[in-house]
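These notes concern the structure reproduced below.
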Amino acid sequence: MAAKTPSSRVSPSDVPGALHGYSVQALKRAVRKPEDMHPVIALEELRRRQAPGFFGTVREQLASAEDATLRASCAALLGAEKTAANRAALRTALHDASPDVVRRAAEALGRIGEADDLDALRALRTRDPVVRRSIDAAKTLLCYALGETRGLLSAPRAEEVLTIGRAQSAPIRVSTVDIDRFGPSFSAGLPGIQATTEACLIDCQRWRYLLVFNRRVFARQGTVLAGQPCVLGSVLRSEIATGRFVHYASVLSRPQPGGPLQVSVMRPNGVVLYHAELSPDDWQFRVRALASRHVLPVTFTGTLDIDRQTLSVSRAETALKMTARQPPSKRPTPILPRMD
């Protein structure tokens, strides 16, 4: 018998403590016919419980919900599991009447898509610049994940890169941690990667980040990484309210003939935050921030440990304040080039 549904309305500040009295059936009813809680809250609780049939419920709501905010949330949730049914539902959502749904569907396909999804994204046309950025970013992410040689990011110009002096910086603490401590579902849905068993925990002022690498690219002593474009890893950021780590940006790598690998850290909306050069000879790297208000100004140097599949950091610092070269911008920059 299903548990009795509490009658008081659930607000976000009450989650998750107020939901312990809700059965899975009650939560699914709340998604379909919301009365005492917002359906997005019910979906998030179903996700947290790993409820049977969860993605079927999400696909159903993506196709039928009247609320565009709910449909957009459903599109984002489908990007957590790579299945043919999820991908098909997202391709259909690319033609939704709501620009936000289209944007979230494109971003989700960037996370779990295959070659036919890349074709669908390339065929998509929109005049909305925000949606266009997300579509371009999804195409870029898929190009790296599929090892394509076109549609990749170019290296930034010298004037786009920040230089952080030691006198104006503070050290960042970087440590290696087992991802098991974050629970069995932690690595589900990380865009285009199979997570390594260890991650780099980065404590930077009030933010905490996790850098999780893609174990597939370390095959054959890094020859996969050195030989083709790939998704090198994923950066996650801790939510201030919950402490839960969520995907923040993708780490994309492409080889250069006779030169270092070009590595870019890109947000799902196409904003490129950081750039690095990685030597395939000794795997030494230098990460630098780009000159934008959207970037936390940091610098890293060290070595990529191919055997342990983690970083050995020799310098990790952040600027004590934003620099004069980080002017406020009305929209994220730089914008990705089109890939038609």
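A note on labels: chains of the structure tokens are A, B, ... as shown, every chain counts residues from 1, and ligands are counted from 1 in their shown order.
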Problem - All strand (DSSP E) residues (DSSP, backbone) inside range 232-336 of chain A, as a ChimeraX atom specification - result: /A:232-238,245-256,259-266,272-278,284-289,298-305,310-319
Practice task
Give the helix (DSSP H, G or I) residues of range 33-109 of chain A, as assigned by DSSP on the backbone, as a ChimeraX atom specification.
Solution key: /A:39-49,54-64,68-78,84-93,99-109
Leu142 in chain A: which residues within 12 Å, counting only C-alpha atoms, same-chain residues fewer than 6 positions away excluded, as a PDB file with C-alpha atoms, in the first residue's frame?
ATOM      1  CA  ALA A 106      20.989  20.289 -26.702  1.00  0.00           C
ATOM      2  CA  GLU A 107      23.205  20.404 -23.614  1.00  0.00           C
ATOM      3  CA  ALA A 108      21.983  16.953 -22.548  1.00  0.00           C
ATOM      4  CA  LEU A 109      22.711  15.507 -25.994  1.00  0.00           C
ATOM      5  CA  GLY A 110      26.190  16.955 -25.738  1.00  0.00           C
ATOM      6  CA  ARG A 111      26.644  14.821 -22.628  1.00  0.00           C
ATOM      7  CA  ILE A 112      25.293  11.479 -23.904  1.00  0.00           C
ATOM      8  CA  GLY A 113      25.012  11.794 -27.678  1.00  0.00           C
ATOM      9  CA  GLU A 114      26.322   9.745 -30.587  1.00  0.00           C
ATOM     10  CA  ALA A 115      27.042  10.550 -34.220  1.00  0.00           C
ATOM     11  CA  ASP A 116      23.361  10.731 -35.224  1.00  0.00           C
ATOM     12  CA  ASP A 117      22.715  13.187 -32.384  1.00  0.00           C
ATOM     13  CA  LEU A 118      25.570  15.347 -33.660  1.00  0.00           C
ATOM     14  CA  ASP A 119      23.907  15.345 -37.080  1.00  0.00           C
ATOM     15  CA  ALA A 120      20.618  16.448 -35.484  1.00  0.00           C
ATOM     16  CA  LEU A 121      22.366  19.297 -33.669  1.00  0.00           C
ATOM     17  CA  ARG A 122      24.144  20.400 -36.838  1.00  0.00           C
ATOM     18  CA  ILE A 135      23.881  24.089 -29.391  1.00  0.00           C
ATOM     19  CA  ASP A 136      27.388  25.029 -30.503  1.00  0.00           C
ATOM     20  CA  GLU A 148      36.324  14.139 -34.829  1.00  0.00           C
ATOM     21  CA  THR A 149      38.875  16.468 -36.353  1.00  0.00           C
ATOM     22  CA  ARG A 150      36.586  19.382 -37.246  1.00  0.00           C
ATOM     23  CA  GLY A 151      34.530  21.645 -35.034  1.00  0.00           C
ATOM     24  CA  LEU A 152      37.216  21.811 -32.340  1.00  0.00           C
ATOM     25  CA  PRO A 191      29.697  14.126 -20.108  1.00  0.00           C
ATOM     26  CA  GLY A 192      31.563  11.782 -22.427  1.00  0.00           C
ATOM     27  CA  ILE A 193      33.765  10.063 -19.835  1.00  0.00           C
ATOM     28  CA  PRO A 229      40.716  14.725 -29.782  1.00  0.00           C
ATOM     29  CA  CYS A 230      38.971  13.541 -26.637  1.00  0.00           C
ATOM     30  CA  VAL A 231      37.144  14.509 -23.477  1.00  0.00           C
ATOM     31  CA  SER A 250      34.269  19.649 -19.515  1.00  0.00           C
ATOM     32  CA  LEU A 252      38.655  18.928 -23.825  1.00  0.00           C
ATOM     33  CA  PRO A 268      27.876  23.561 -21.044  1.00  0.00           C
ATOM     34  CA  MET A 339      30.182  24.306 -36.799  1.00  0.00           C
TER      35      MET A 339
END
Please list as a JSON list (two decimals) with N, CA, C and O atoms, in the first residue's frame every residue within 8 Å of Arg59 in chain A, counting only C-alpha atoms and excluding residues in the same chain fewer than 3 positions away.
[["chain", "number", "residue", "atom", "x", "y", "z"],
["A", 55, "PHE", "N", 13.53, 7.29, -15.32],
["A", 55, "PHE", "CA", 13.74, 7.94, -16.60],
["A", 55, "PHE", "C", 12.52, 7.83, -17.51],
["A", 55, "PHE", "O", 12.27, 8.70, -18.34],
["A", 56, "GLY", "N", 11.72, 6.77, -17.34],
["A", 56, "GLY", "CA", 10.47, 6.70, -18.08],
["A", 56, "GLY", "C", 9.53, 7.82, -17.68],
["A", 56, "GLY", "O", 8.87, 8.43, -18.53],
["A", 62, "LEU", "N", 8.68, 15.15, -20.21],
["A", 62, "LEU", "CA", 9.31, 15.96, -21.25],
["A", 62, "LEU", "C", 8.39, 16.07, -22.47],
["A", 62, "LEU", "O", 8.31, 17.12, -23.11],
["A", 63, "ALA", "N", 7.68, 15.01, -22.76],
["A", 63, "ALA", "CA", 6.82, 14.99, -23.94],
["A", 63, "ALA", "C", 5.46, 15.63, -23.70],
["A", 63, "ALA", "O", 4.84, 16.13, -24.65],
["A", 74, "CYS", "N", 13.34, 18.26, -17.13],
["A", 74, "CYS", "CA", 13.35, 16.87, -17.60],
["A", 74, "CYS", "C", 14.42, 16.65, -18.66],
["A", 74, "CYS", "O", 15.12, 15.62, -18.65],
["A", 78, "LEU", "N", 17.62, 13.91, -18.32],
["A", 78, "LEU", "CA", 17.87, 12.81, -19.24],
["A", 78, "LEU", "C", 19.34, 12.73, -19.65],
["A", 78, "LEU", "O", 19.82, 11.68, -20.09],
["A", 86, "ASN", "N", 16.46, 7.74, -24.08],
["A", 86, "ASN", "CA", 16.73, 9.11, -23.64],
["A", 86, "ASN", "C", 17.20, 9.98, -24.79],
["A", 86, "ASN", "O", 16.77, 11.13, -24.94],
["A", 89, "ALA", "N", 14.27, 10.86, -27.07],
["A", 89, "ALA", "CA", 13.40, 11.87, -26.46],
["A", 89, "ALA", "C", 14.03, 13.25, -26.54],
["A", 89, "ALA", "O", 13.34, 14.25, -26.78]]
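With only C-alpha atoms as the atoms that count, the minimum distance from Ala316 in chain A to the choices A:Ile202, A:Ala68, A:Ala137, A:Ala84 is reached by A:Ile202.
Going from CA of Leu124 in chain A over to CA of Ser154 in chain A, you cover 22.9 Å.
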Practice task
Tell me which of A:Leu141, A:Leu27, A:Val212, A:Leu311 sits closest to Phe245 in chain A, counting only C-alpha atoms.
Solution key: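 Checking each of A:Leu141, A:Leu27, A:Val212, A:Leu311 against Phe245 in chain A, counting only C-alpha atoms, the winner is A:Val212.
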Exercise for the section: Could you tell me how far CA of Thr223 in chain A lies from CA of Ser279 in chain A, in Å and to one decimal? Expected result: 12.5 Å
